[in-house]
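Here's the structure, in structure tokens; my notes come after.
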Amino acid sequence: MRGQDLYRRAKDIIPGGTQLLSKRPEMFLPENWPAYYASASGVKVTDLDGRTYIDMSIMGVGACVLGYADPDVDRAVKRAIESGAMCTLNAPEEVELAETLCGLHPWAAMARFARSGGEAMSMAVRIARARTGRDMVAFCGYHGWTDWYLAANLGDSSGLDGHLMPGLSPAGVPRGLKGTSVPFLYNRADQLKEIAEKNCGSLAAVVMEPQRDHAPCPGFLKEVREIARKAGAVLIFDEITTGFRMAPGGIHLIHGIEPDMAVFAKAMANGYAMAAVIGNADVMQAAQSTFISSTNWTERIGPVAALATIKKFIRDGAAVRINSAGSMVQNGWKRAAKMAGLEITVGELPSLAHFIFERDDAIALTTLFTQLMLERGFLAFNQFKPSLAHEDKHVVAYLAAAQECFMIIGEAARAGEVESLLKGPVARRGFYRLT
Ligand SMILES: Cc1ncc(COP(=O)(O)O)c(C=O)c1O
């Protein structure tokens with residue numbers, strides 16, 4: 001397998017093997033995941049051995065919301081390349097994109113841009129700290145690789161457990177940041193309230209995704225909004241994964257709660273490098289009182305791709321299609337599990353669909369699912385991030401194959417034979433050293 005051969009070379013020369021934990025082949029199917037792509041278009045991915053799969057997994061880690069190599073976005077990008085992707089002067093599309101994002105989120109008045117989610121979150125937290133003159137951040141969930149966030153694991157290495165990525169190591173993060181980032185759990189406004197009361201006058205920001213695995217309890221987001229306001233802290237909604245999936249813009253638009261800032265990346269430019277921090281004028285003006293500046297934030301492809309993506313997302317009603325494909329898959333998983341005698345839990349958001357086998361050896365079962373689905377021509381995992389390119393015919397074919405695989409898994413699980421059916425090791429999740 002050429003992909004696995006290349007990955008072995010990669011592990012010798014690239015620490016960690018890949019640039020993103022979630023793209024490590026060990027996360028899916030150790031020793032047998034195709035690992036690299038030769039080309040991708042629509043929902044089809046061709047690997048280095050020339051095998052083509054339908055991607056019913058994470059679609060570029062949630063970035064390719066319109067499908068791979070979307071012709072409309074790519075046409076706009078090619079035009080941008082032909083007219084010069086970089087210049088001494090600024091790209092005019094920046095202004096149009098700022099106006100578009102603020103138009104979609106009427107509570108926001110200004111925008112700044114970056115090129116990846118984690119750096120945009122760092123920018124947002126810096127602006128919030130500059131605005132308030134305070135250091136401390138209360139957060140919930142995963143927000144990227146940078147120091148402000150990993151500081152939560154200084155001293156207590158379990159600080160980030162329960163926030164999507166257990167075991168993230170803060171090695172290399174200055175010890176002096178200890179105590180500057182404090183976690184609270186989703187739907188636990190009482191925990192946030194306690195942090196805010198204990199740190200009266202030092203809380204700079206409250207950072208969270210408005211929704212991820214669970215729907216907010218009635219009144220939760222409203223209470224968070226009130227706690228942040230009362231504490232004089234900036235409320236930052238991280239919409240890097242939730243934005244431009246459920247709705248044209250942030251998922252907070254559906255919940256009707258206005259933050260002070262919101263951060264977008266991933267889906268906003270269909271996989272081209274682009275990220276945005278939007279906010280109300282009062283908070284965003286603080287970006288002028290601190291130094292936030294980078295050469296590659298001024299290139300033209302990102303804003304052009306974002307404008308084309310947003311335009312098509314709205315024109316083609318992508319949110320409706322994404323939610324419908326996600327719901328079909330969620331219901332199909334439930335049916336298939338019932339028929340196979342397997343207990344699964346299915347996450348609530350159709351646009352970020354996922355399931356968990358309710359067993360201690362859940363990861364072994366998921367590994368087997370990936371292996372069996374790969375043999376049937378699908379990139380599959382226990383997550384499905386739908387895109388506009390996923391048509392009913394893809395979903396129907398996928399569910400027929402998934403049903404067959406669940407039956408095999410159910411029988412293997414009852415016979416205690418799951419691991420013996422695997423052609424390689426069980427997948428590994430979370431953060432750990434590779435070599
Ligand atoms: C909610 C959330 N915030 C931040 C990030 C980090 O974004 P990036 O990987 O673009 O740095 C992610 C990535 O998965 C995310 O899901």
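The chains in the structure tokens are called A, B, ... from first to last as shown; in each chain the residues are counted from 1, and the ligands are counted from 1 in the order shown.
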Within 7 Å of ligand 1, which residues show up when you count only C-alpha atoms and all ligand atoms? List them as a list of chain:residue names, please.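 Every residue with an atom at most 7 Å from ligand 1 is listed here: A:Ser116, A:Gly117, A:Gly118, A:Glu119, A:Met121, A:Gly141, A:Tyr142, A:His143, A:Gly144, A:Trp145, A:Glu209, A:Asp238, A:Glu239, A:Ile240, A:Thr241, A:Ala265, A:Lys266.
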Run DSSP on the backbone and give me the residues of stretch 362-414 of chain A it puts in alpha helix (DSSP H), as a PyMOL selection string. chain A and resi 362-375+392-414
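Taking atom CA of A:Gln285 as the reference point, atom CA of A:Gly256 is found at 24.2 Å.
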Extract, using only C-alpha atoms, all DNA, RNA and protein residues at most 9 Å from A:Arg429, discarding same-chain residues fewer than 3 positions from it, and format them as a ChimeraX atom specification. /A:22,26-28,165,363,432
Point-to-point distance from atom CA of A:Leu66 to atom CA of A:Glu99, Å rounded to tenths: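 Atom-to-atom, atom CA of A:Leu66 and atom CA of A:Glu99 are spaced 21.9 Å apart.
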If DSSP is run on the backbone, what residues of stretch 142-332 of chain A are strand (DSSP E)? A reply as a PyMOL selection string would be ideal. chain A and resi 181-183+203-208+234-238+261-264+275-279
Select, from A:Ala196, A:Met261, A:Leu399, A:Val206, the residue with the minimum atom-to-atom distance to A:Gly279, counting only C-alpha atoms.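 Smallest distance to A:Gly279 is found for A:Met261.
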